[in-house]
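This is run_9.cif. It holds mmCIF, C-alpha atoms.
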```
data_work
loop_
_atom_site.label_atom_id
_atom_site.label_comp_id
_atom_site.auth_asym_id
_atom_site.auth_seq_id
_atom_site.Cartn_x
_atom_site.Cartn_y
_atom_site.Cartn_z
CA MET A 87 87.43 89.21 105.76
CA ALA A 88 84.24 90.75 107.07
CA GLY A 89 84.48 94.12 108.74
CA ARG A 90 83.74 94.42 112.44
CA ASP A 91 83.36 97.58 114.41
CA GLU A 92 84.94 96.80 117.72
CA THR A 93 88.05 97.47 119.68
CA PRO A 94 90.68 94.75 120.07
CA GLU A 95 89.84 94.45 123.77
CA GLN A 96 86.29 93.42 122.89
CA GLY A 97 87.39 90.81 120.37
CA ASP A 98 86.08 87.28 120.09
CA GLU A 99 88.84 84.90 121.20
CA THR A 100 87.57 82.16 118.87
CA ARG A 101 88.22 84.11 115.66
CA ASN A 102 91.65 84.03 114.16
CA GLU A 103 91.32 87.55 112.76
CA LEU A 104 89.90 90.75 114.09
CA GLN A 105 89.25 93.61 111.78
CA ILE A 106 88.18 97.14 112.44
CA GLN A 107 87.24 99.44 109.60
CA PRO A 108 85.81 102.93 109.71
CA THR A 109 82.42 102.83 108.05
CA SER A 110 82.91 106.07 106.16
CA ALA A 111 86.26 105.19 104.59
CA ARG A 112 84.92 104.14 101.19
CA LEU A 113 83.47 106.95 99.16
CA THR A 114 81.55 106.33 96.00
CA GLU A 115 83.33 107.48 92.88
CA ASN A 116 80.34 107.22 90.53
CA ALA A 117 80.96 110.69 89.17
CA MET A 118 84.04 109.38 87.37
CA ARG A 119 82.26 106.83 85.15
CA GLY A 120 82.67 107.48 81.47
CA LYS A 121 85.63 109.81 81.98
CA SER A 122 89.12 109.28 80.57
CA ALA A 123 91.68 107.33 82.60
CA ARG A 124 93.51 110.59 83.27
CA LYS A 125 90.36 112.23 84.65
CA ARG A 126 89.55 109.18 86.74
CA LEU A 127 93.06 109.20 88.21
CA THR A 128 92.66 112.91 88.99
CA GLY A 129 89.27 112.22 90.61
CA ILE A 130 90.70 109.44 92.72
CA LEU A 131 93.56 111.68 93.84
CA ALA A 132 91.06 114.42 94.74
CA VAL A 133 89.06 111.94 96.84
CA CYS A 134 92.27 110.88 98.61
CA LEU A 135 93.26 114.48 99.34
CA ARG A 136 89.78 115.37 100.57
CA GLU A 137 89.68 112.37 102.91
CA LEU A 138 93.12 113.14 104.29
CA MET A 139 92.23 116.80 104.89
CA ASP A 140 89.00 115.71 106.61
CA GLU A 141 90.96 113.46 108.91
CA LEU A 142 93.40 116.24 109.70
CA GLY A 143 90.45 118.43 110.69
CA VAL A 144 90.63 121.01 107.91
CA GLU A 145 87.99 121.94 105.39
CA PRO A 146 89.78 122.33 102.08
CA ALA A 147 88.69 124.58 99.24
CA TRP A 148 89.49 123.46 95.70
CA LEU A 149 91.24 126.33 94.00
CA PRO A 150 91.44 126.97 90.24
CA GLU A 151 95.08 127.88 90.75
CA SER A 152 97.59 128.29 93.54
CA ARG A 153 97.22 131.33 95.76
CA SER A 154 100.70 130.93 97.20
CA ARG A 155 102.45 134.26 97.12
CA VAL A 156 105.63 133.31 98.90
CA GLU A 157 109.29 133.30 98.10
CA LEU A 158 110.43 130.05 96.53
CA SER A 159 113.12 129.74 99.20
CA GLU A 160 110.40 129.59 101.88
CA ILE A 161 108.54 126.69 100.31
CA LEU A 162 108.64 123.13 101.63
CA ALA A 163 108.24 120.38 99.07
CA ALA A 164 108.07 116.60 99.15
CA SER A 165 107.42 113.98 96.54
CA VAL A 166 106.87 110.27 96.20
CA GLY A 167 107.09 108.11 93.10
CA PHE A 168 104.93 105.19 92.09
CA ASP A 169 105.03 102.50 89.47
CA GLY A 170 102.48 100.08 88.03
CA GLU A 171 101.70 98.24 84.80
CA ASN A 172 102.08 100.84 82.02
CA LEU A 173 101.91 103.67 84.52
CA ARG A 174 104.63 105.59 86.30
CA GLY A 175 104.31 108.81 88.14
CA THR A 176 105.25 111.21 90.88
CA PHE A 177 103.10 113.00 93.41
CA THR A 178 104.50 116.25 94.77
CA LEU A 179 103.15 118.65 97.34
CA THR A 180 104.44 122.08 98.21
CA GLY A 181 103.48 124.85 100.54
CA HIS A 182 104.60 127.42 103.05
CA PRO A 183 105.71 125.96 106.40
CA ARG A 184 102.56 127.52 107.95
CA VAL A 185 100.39 125.16 105.87
CA PHE A 186 102.22 122.13 107.20
CA THR A 187 102.01 123.44 110.76
CA ARG A 188 98.25 123.89 110.26
CA LEU A 189 97.96 120.30 109.05
CA TYR A 190 99.96 118.83 111.92
CA PRO A 191 97.46 116.84 113.98
CA PHE A 192 99.14 116.85 117.37
CA ALA A 193 99.51 119.71 119.82
CA MET A 194 102.99 121.13 119.58
CA GLU A 195 103.69 121.98 123.20
CA HIS A 196 106.00 118.98 123.67
CA ALA A 197 108.07 119.06 120.52
CA GLN A 198 108.37 121.28 117.52
CA PRO A 199 107.41 119.14 114.54
CA ASP A 200 109.96 118.56 111.82
CA LEU A 201 107.96 120.13 108.99
CA VAL A 202 110.12 118.72 106.20
CA ASP A 203 109.54 115.25 107.59
CA TRP A 204 105.83 115.98 108.01
CA ALA A 205 105.59 117.14 104.37
CA LYS A 206 107.16 113.84 103.29
CA GLU A 207 104.71 111.91 105.47
CA LEU A 208 101.74 113.80 104.01
CA ALA A 209 102.93 112.92 100.50
CA ASN A 210 103.36 109.33 101.65
CA GLN A 211 99.90 109.15 103.22
CA THR A 212 98.27 110.70 100.15
CA ILE A 213 99.87 108.32 97.70
CA GLY A 214 99.39 105.34 100.04
CA ARG A 215 95.69 106.17 100.02
CA PHE A 216 95.81 106.56 96.22
CA LYS A 217 97.45 103.14 95.94
CA ASN A 218 94.82 101.52 98.16
CA ARG A 219 91.97 103.21 96.29
CA ILE A 220 93.31 102.43 92.84
CA PHE A 221 93.72 98.76 93.75
CA ALA A 222 89.91 98.56 93.57
CA TYR A 223 90.16 99.65 89.91
CA GLY A 224 92.36 96.67 89.09
CA LEU A 225 95.72 98.41 89.26
CA ALA A 226 98.55 97.46 91.63
CA LEU A 227 101.15 100.13 92.34
CA SER A 228 104.45 100.06 94.15
CA VAL A 229 105.45 103.24 95.94
CA SER A 230 108.91 104.68 96.59
CA VAL A 231 110.24 106.17 99.82
CA PRO A 232 109.15 109.84 100.01
CA GLN A 233 111.80 112.50 99.44
CA SER A 234 112.03 116.16 100.33
CA ILE A 235 112.93 118.52 97.50
CA PRO A 236 115.15 121.57 98.00
CA ALA A 237 113.19 124.66 96.91
CA GLU A 238 115.78 125.62 94.30
CA GLN A 239 115.20 122.29 92.51
CA LEU A 240 111.43 122.69 92.47
CA ARG A 241 110.03 122.76 88.96
CA VAL A 242 107.56 120.75 86.92
CA ALA A 243 109.36 118.70 84.29
CA ARG A 244 108.85 120.18 80.82
CA THR A 245 108.46 117.02 78.83
CA ARG A 246 105.61 116.27 76.47
CA LYS A 247 105.59 112.67 77.60
CA ARG A 248 104.42 113.34 81.11
CA ILE A 249 100.94 114.52 82.00
CA LYS A 250 100.90 117.12 84.77
CA ILE A 251 97.79 117.45 86.88
CA PRO A 252 97.90 120.29 89.39
CA VAL A 253 95.50 120.30 92.34
CA ALA A 254 95.61 123.42 94.52
CA ILE A 255 93.92 123.26 97.90
CA GLY A 256 92.96 126.30 99.92
CA ILE A 257 93.47 125.91 103.65
CA ASP A 258 92.39 128.99 105.62
CA ASP A 259 94.16 131.83 103.75
CA MET A 260 96.94 129.53 102.52
CA SER A 261 97.48 127.13 99.65
CA LEU A 262 98.74 123.56 99.54
CA ASP A 263 99.81 122.96 95.97
CA THR A 264 99.99 119.41 94.73
CA TRP A 265 100.55 117.87 91.37
CA LEU A 266 100.45 114.45 89.90
CA GLU A 267 102.85 113.77 87.05
CA LEU A 268 101.91 110.71 85.02
CA ASP A 269 103.69 108.72 82.38
CA ILE A 270 100.95 106.54 80.92
CA GLY A 271 102.03 103.70 78.63
CA PRO A 272 100.01 102.63 75.57
CA GLY A 273 98.67 99.47 77.21
CA PHE A 274 97.46 101.22 80.34
CA LYS A 275 94.12 100.00 81.66
CA LEU A 276 92.03 101.36 84.49
CA ALA A 277 88.55 100.01 85.15
CA GLU A 278 85.74 102.57 84.81
CA GLN A 279 84.52 101.80 88.28
CA PRO A 280 85.73 99.73 91.22
CA VAL A 281 85.85 96.06 90.28
CA SER A 282 84.93 93.18 92.53
CA VAL A 283 88.03 91.65 94.09
CA ASN A 284 88.25 88.80 96.55
CA GLU A 285 90.27 90.81 99.00
CA PRO A 286 89.99 94.60 98.79
CA ALA A 287 92.71 96.83 100.18
CA LEU A 288 92.26 97.74 103.83
CA PRO A 289 91.11 101.33 104.21
CA GLU A 290 93.02 103.90 106.21
CA ARG A 291 92.65 103.93 110.01
CA SER A 292 91.76 100.25 110.01
CA LEU A 293 93.35 97.51 112.05
CA VAL A 294 93.58 93.76 111.64
CA LEU A 295 95.05 91.52 114.30
CA PHE A 296 96.13 88.02 113.31
CA LEU A 297 95.38 86.08 116.45
CA GLU A 298 97.20 83.04 115.10
CA ALA A 299 100.37 83.63 113.10
CA ASP A 300 100.18 82.16 109.60
CA ASN A 301 103.28 80.02 109.15
CA THR A 302 102.31 78.52 105.80
CA GLN A 303 104.62 79.22 102.87
CA MET B 228 108.58 97.54 135.25
CA LYS B 229 107.14 99.26 132.17
CA THR B 230 106.59 97.37 128.95
CA THR B 231 108.85 98.53 126.12
CA VAL B 232 107.66 98.89 122.53
CA LEU B 233 110.03 99.37 119.59
CA VAL B 234 108.73 101.74 116.89
CA VAL B 235 110.45 101.35 113.50
CA ASP B 236 109.53 104.09 111.03
CA ASP B 237 111.58 106.37 108.79
CA SER B 238 109.26 109.28 109.55
CA LEU B 239 110.33 111.20 112.65
CA THR B 240 106.84 112.70 112.80
CA VAL B 241 105.16 109.29 112.91
CA ARG B 242 107.63 108.07 115.54
CA GLN B 243 106.88 111.16 117.64
CA GLN B 244 103.13 110.65 117.29
CA VAL B 245 103.26 106.94 118.15
CA THR B 246 105.65 107.58 121.06
CA ALA B 247 103.35 110.30 122.46
CA VAL B 248 100.32 107.98 122.33
CA LEU B 249 102.10 104.97 123.84
CA ALA B 250 103.91 107.00 126.51
CA ALA B 251 100.56 108.46 127.59
CA ALA B 252 99.26 104.89 127.89
CA GLY B 253 102.18 103.94 130.17
CA TYR B 254 104.61 102.29 127.77
CA ASP B 255 108.31 102.90 127.27
CA VAL B 256 109.22 103.40 123.63
CA VAL B 257 112.46 102.81 121.73
CA GLU B 258 112.67 104.32 118.24
CA ALA B 259 114.46 103.18 115.09
CA CYS B 260 114.49 104.89 111.68
CA ASP B 261 114.55 101.79 109.42
CA GLY B 262 114.81 98.01 109.49
CA LEU B 263 118.58 97.93 110.00
CA ALA B 264 118.36 100.38 112.91
CA GLY B 265 115.50 98.24 114.25
CA LEU B 266 117.72 95.16 114.32
CA ASP B 267 120.40 97.20 116.12
CA ALA B 268 117.81 98.40 118.65
CA LEU B 269 116.72 94.83 119.36
CA ARG B 270 120.32 93.83 120.05
CA ALA B 271 120.86 96.86 122.28
CA CYS B 272 117.55 96.54 124.20
CA PRO B 273 116.75 92.85 124.73
CA GLY B 274 113.69 93.67 126.89
CA ILE B 275 111.53 94.86 124.00
CA SER B 276 108.06 93.29 124.28
CA MET B 277 106.52 94.33 120.98
CA ILE B 278 107.42 95.99 117.69
CA LEU B 279 105.40 98.44 115.56
CA CYS B 280 106.95 98.60 112.11
CA ASP B 281 106.42 100.64 108.95
CA VAL B 282 106.73 98.91 105.55
CA ASN B 283 108.13 101.46 103.10
CA MET B 284 111.54 102.53 104.47
CA PRO B 285 115.05 103.12 103.08
CA ARG B 286 117.95 100.68 103.58
CA MET B 287 115.79 97.84 104.94
CA ASP B 288 112.01 97.87 104.55
CA GLY B 289 109.57 96.53 107.10
CA LEU B 290 108.86 93.22 105.36
CA GLU B 291 112.56 92.44 105.01
CA PHE B 292 112.98 93.33 108.70
CA LEU B 293 110.15 90.95 109.57
CA GLU B 294 111.65 88.16 107.49
CA LYS B 295 115.05 88.67 109.16
CA LEU B 296 113.37 88.42 112.56
CA LYS B 297 111.63 85.20 111.56
CA GLY B 298 115.04 83.62 111.00
CA ASP B 299 116.36 84.90 114.33
CA SER B 300 115.36 82.73 117.27
CA CYS B 301 116.76 85.33 119.70
CA CYS B 302 113.91 87.77 119.06
CA THR B 303 110.39 86.62 119.75
CA ALA B 304 108.77 90.04 120.15
CA PRO B 305 105.51 90.15 118.19
CA VAL B 306 105.40 92.60 115.27
CA VAL B 307 102.44 94.69 114.11
CA MET B 308 102.88 96.56 110.82
CA LEU B 309 101.92 100.25 110.78
CA THR B 310 101.82 101.57 107.23
CA THR B 311 99.90 103.58 104.63
CA ASN B 312 99.68 100.40 102.56
CA GLY B 313 96.58 98.23 102.72
CA THR B 314 96.87 95.89 99.73
CA PRO B 315 96.22 92.19 100.41
CA ASP B 316 99.44 90.90 98.78
CA LEU B 317 101.63 92.74 101.28
CA ILE B 318 99.37 91.85 104.20
CA ALA B 319 99.56 88.17 103.23
CA ARG B 320 103.35 88.38 102.93
CA ALA B 321 103.62 89.96 106.37
CA LYS B 322 101.31 87.36 107.85
CA ARG B 323 103.41 84.56 106.35
CA ALA B 324 106.53 86.15 107.85
CA GLY B 325 104.90 86.05 111.29
CA ALA B 326 103.36 89.52 111.71
CA ARG B 327 100.65 89.67 114.36
CA GLY B 328 98.70 92.53 112.88
CA TRP B 329 98.38 95.31 110.33
CA ILE B 330 97.36 98.93 110.94
CA VAL B 331 96.75 101.35 108.07
CA LYS B 332 97.90 104.95 108.70
CA PRO B 333 96.79 107.40 109.77
CA PHE B 334 96.25 105.43 112.98
CA GLN B 335 93.58 105.95 115.58
CA ALA B 336 95.23 106.38 118.99
CA ARG B 337 92.57 104.34 120.78
CA LEU B 338 92.93 101.41 118.40
CA LEU B 339 96.72 101.54 118.48
CA VAL B 340 96.79 101.35 122.28
CA GLY B 341 94.13 98.61 122.18
CA ALA B 342 96.22 96.57 119.78
CA VAL B 343 99.36 96.94 121.90
CA ARG B 344 97.45 95.96 125.04
CA ARG B 345 95.98 92.98 123.31
CA ILE B 346 99.27 91.75 121.84
CA VAL B 347 101.35 92.39 124.96
CA GLY B 348 98.57 90.89 127.11
CA ASP B 349 98.53 87.73 124.97
CA LEU B 350 102.29 87.52 125.32
CA ALA B 351 102.08 87.86 129.12
CA LYS B 352 99.45 85.11 129.24
CA SER B 353 101.53 82.76 127.11
CA ILE B 354 104.59 83.34 129.35
CA ALA B 355 102.50 82.74 132.51
CA THR B 356 101.21 79.42 131.22
#
```
Can you present the structure in this file as structure tokens?
Amino acid sequence: MAGRDETPEQGDETRNELQIQPTSARLTENAMRGKSARKRLTGILAVCLRELMDELGVEPAWLPESRSRVELSEILAASVGFDGENLRGTFTLTGHPRVFTRLYPFAMEHAQPDLVDWAKELANQTIGRFKNRIFAYGLALSVSVPQSIPAEQLRVARTRKRIKIPVAIGIDDMSLDTWLELDIGPGFKLAEQPVSVNEPALPERSLVLFLEADNTQ
Amino acid sequence: MKTTVLVVDDSLTVRQQVTAVLAAAGYDVVEACDGLAGLDALRACPGISMILCDVNMPRMDGLEFLEKLKGDSCCTAPVVMLTTNGTPDLIARAKRAGARGWIVKPFQARLLVGAVRRIVGDLAKSIAT
């Protein structure tokens, strides 16, 4: 499926598919070559978070540690699980409601956004992006429905089995704290760099219209 | 009479964002929070011209919803999937189940409205002929 940069209204009636992809959606991840699978997964997550923040119009700063200084009861948290061959994990993000308001892309004069729901959607969009990106490294993931986490239940699991990778992002004077928890099985494989696949995952913000429905089984 | 679009997504925020964009473009919008609620909405509002549907939802996901619709001759509204997922296996499954398109979130408002116009316009043409 070749990419085309056009709106659906300008489409060619003779094609049975139209596809629109943003040209900047695929970032090179060369810097991750030669690194461990864990570091590559962290790098891919960082790329996903950076892209999402860019699209939400904020310039994130990568922090060595969280700068959240808020009461636990004030924090919003959401997480989403994922599962693949010899890999299971959870992505969680937390922050003060002000962070989620700052990241909300639409003007709020019409309706006050539901920030718990928006936190879940941000977790969903991050891990959806991670899933699409990691597909190019030869790994297929399935993703669970995102959940909100009550603040009093918020803690990182203290098991040796799981790898915890925190990524703290500075947004203005605030902090969005995220972490990836990974349970990597002994047979886990992740290509060192994106592999050639017949059909890559569609990048975010893209659109394909099937002008003729495919009724084959 | 305005064209009505059904938006099926478990995220209230996404439903609000899609509704705001489509309402500004002159469409009426009906919302449902998952596939089961989507089927209920189709029964309650038979005039729905098009459906935008998420994939990953509780109770009934978007692909199951699509497959239920395929077996239901009463609903012929075209469905475009709107999801964070972009992997080819799911896109192929949706296409086989009769989806008319696939949009990867976050969506671009201009492209979303263009897709709805295109799909609803095709539908109007096919009814006219």
Proximal residues of chain B relative to chain A (only C-alpha atoms; 9 Å) as number ranges by chain: B: 238-241, 243-244, 283-285, 307, 310-315, 319, 322-335, 337-339, 341-342, 344-346
Between CA of Asp237 (chain B) and CA of Pro305 (chain B) - distance in Å to one decimal: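 Pair CA of Pro305 (chain B) / CA of Asp237 (chain B) returns 19.7 Å.
For the pair CA of Gly175 (chain A) and CA of Leu262 (chain A), the interatomic distance is 19.5 Å.
One finds CA of Ala252 (chain B) at 7.1 Å from CA of Val340 (chain B).
If you measure from each of A:Leu173, A:Ala254, A:Val133, A:Leu225 to Pro272 (chain A) using only C-alpha atoms, the closest one turns out to be A:Leu173.
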Adding 8 Å on each side of the box along x, y and z that holds all listed atoms of region 248-262 of chain A, could you give its centre and edge lengths in Å to one decimal, as JSON?
```
{"center_x": 98.4, "center_y": 122.6, "center_z": 93.4, "size_x": 28.0, "size_y": 34.5, "size_z": 40.5}
```
Which residues fall under the PyMOL selection byres ((chain B and resi 298-304) around 12) in this file, as a compact mmCIF listing (two decimals) with C-alpha atoms, in the coordinates of the input?
```txt
# COMPACT_ATOMS: atom_id res chain seq x y z
CA THR B 230 106.59 97.37 128.95
CA THR B 231 108.85 98.53 126.12
CA VAL B 232 107.66 98.89 122.53
CA LEU B 233 110.03 99.37 119.59
CA GLY B 265 115.50 98.24 114.25
CA LEU B 266 117.72 95.16 114.32
CA ASP B 267 120.40 97.20 116.12
CA ALA B 268 117.81 98.40 118.65
CA LEU B 269 116.72 94.83 119.36
CA ARG B 270 120.32 93.83 120.05
CA ALA B 271 120.86 96.86 122.28
CA CYS B 272 117.55 96.54 124.20
CA PRO B 273 116.75 92.85 124.73
CA GLY B 274 113.69 93.67 126.89
CA ILE B 275 111.53 94.86 124.00
CA SER B 276 108.06 93.29 124.28
CA MET B 277 106.52 94.33 120.98
CA ILE B 278 107.42 95.99 117.69
CA LEU B 279 105.40 98.44 115.56
CA CYS B 280 106.95 98.60 112.11
CA GLU B 291 112.56 92.44 105.01
CA PHE B 292 112.98 93.33 108.70
CA LEU B 293 110.15 90.95 109.57
CA GLU B 294 111.65 88.16 107.49
CA LYS B 295 115.05 88.67 109.16
CA LEU B 296 113.37 88.42 112.56
CA LYS B 297 111.63 85.20 111.56
CA PRO B 305 105.51 90.15 118.19
CA VAL B 306 105.40 92.60 115.27
CA VAL B 307 102.44 94.69 114.11
CA ALA B 324 106.53 86.15 107.85
CA GLY B 325 104.90 86.05 111.29
CA ALA B 326 103.36 89.52 111.71
CA ARG B 327 100.65 89.67 114.36
CA VAL B 343 99.36 96.94 121.90
CA ILE B 346 99.27 91.75 121.84
CA VAL B 347 101.35 92.39 124.96
CA ASP B 349 98.53 87.73 124.97
CA LEU B 350 102.29 87.52 125.32
CA ALA B 351 102.08 87.86 129.12
CA ILE B 354 104.59 83.34 129.35
```
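Considering all atoms listed in the file, the residue among A:Gly129, A:Gly224, A:Pro236, A:Pro150 positioned nearest to Ala163 (chain A) is A:Pro236.
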Among the residues A:Leu179, A:Leu276, A:Ile270, A:Ile235, the one that comes closest to Arg248 (chain A) [using only C-alpha atoms]: A:Ile270
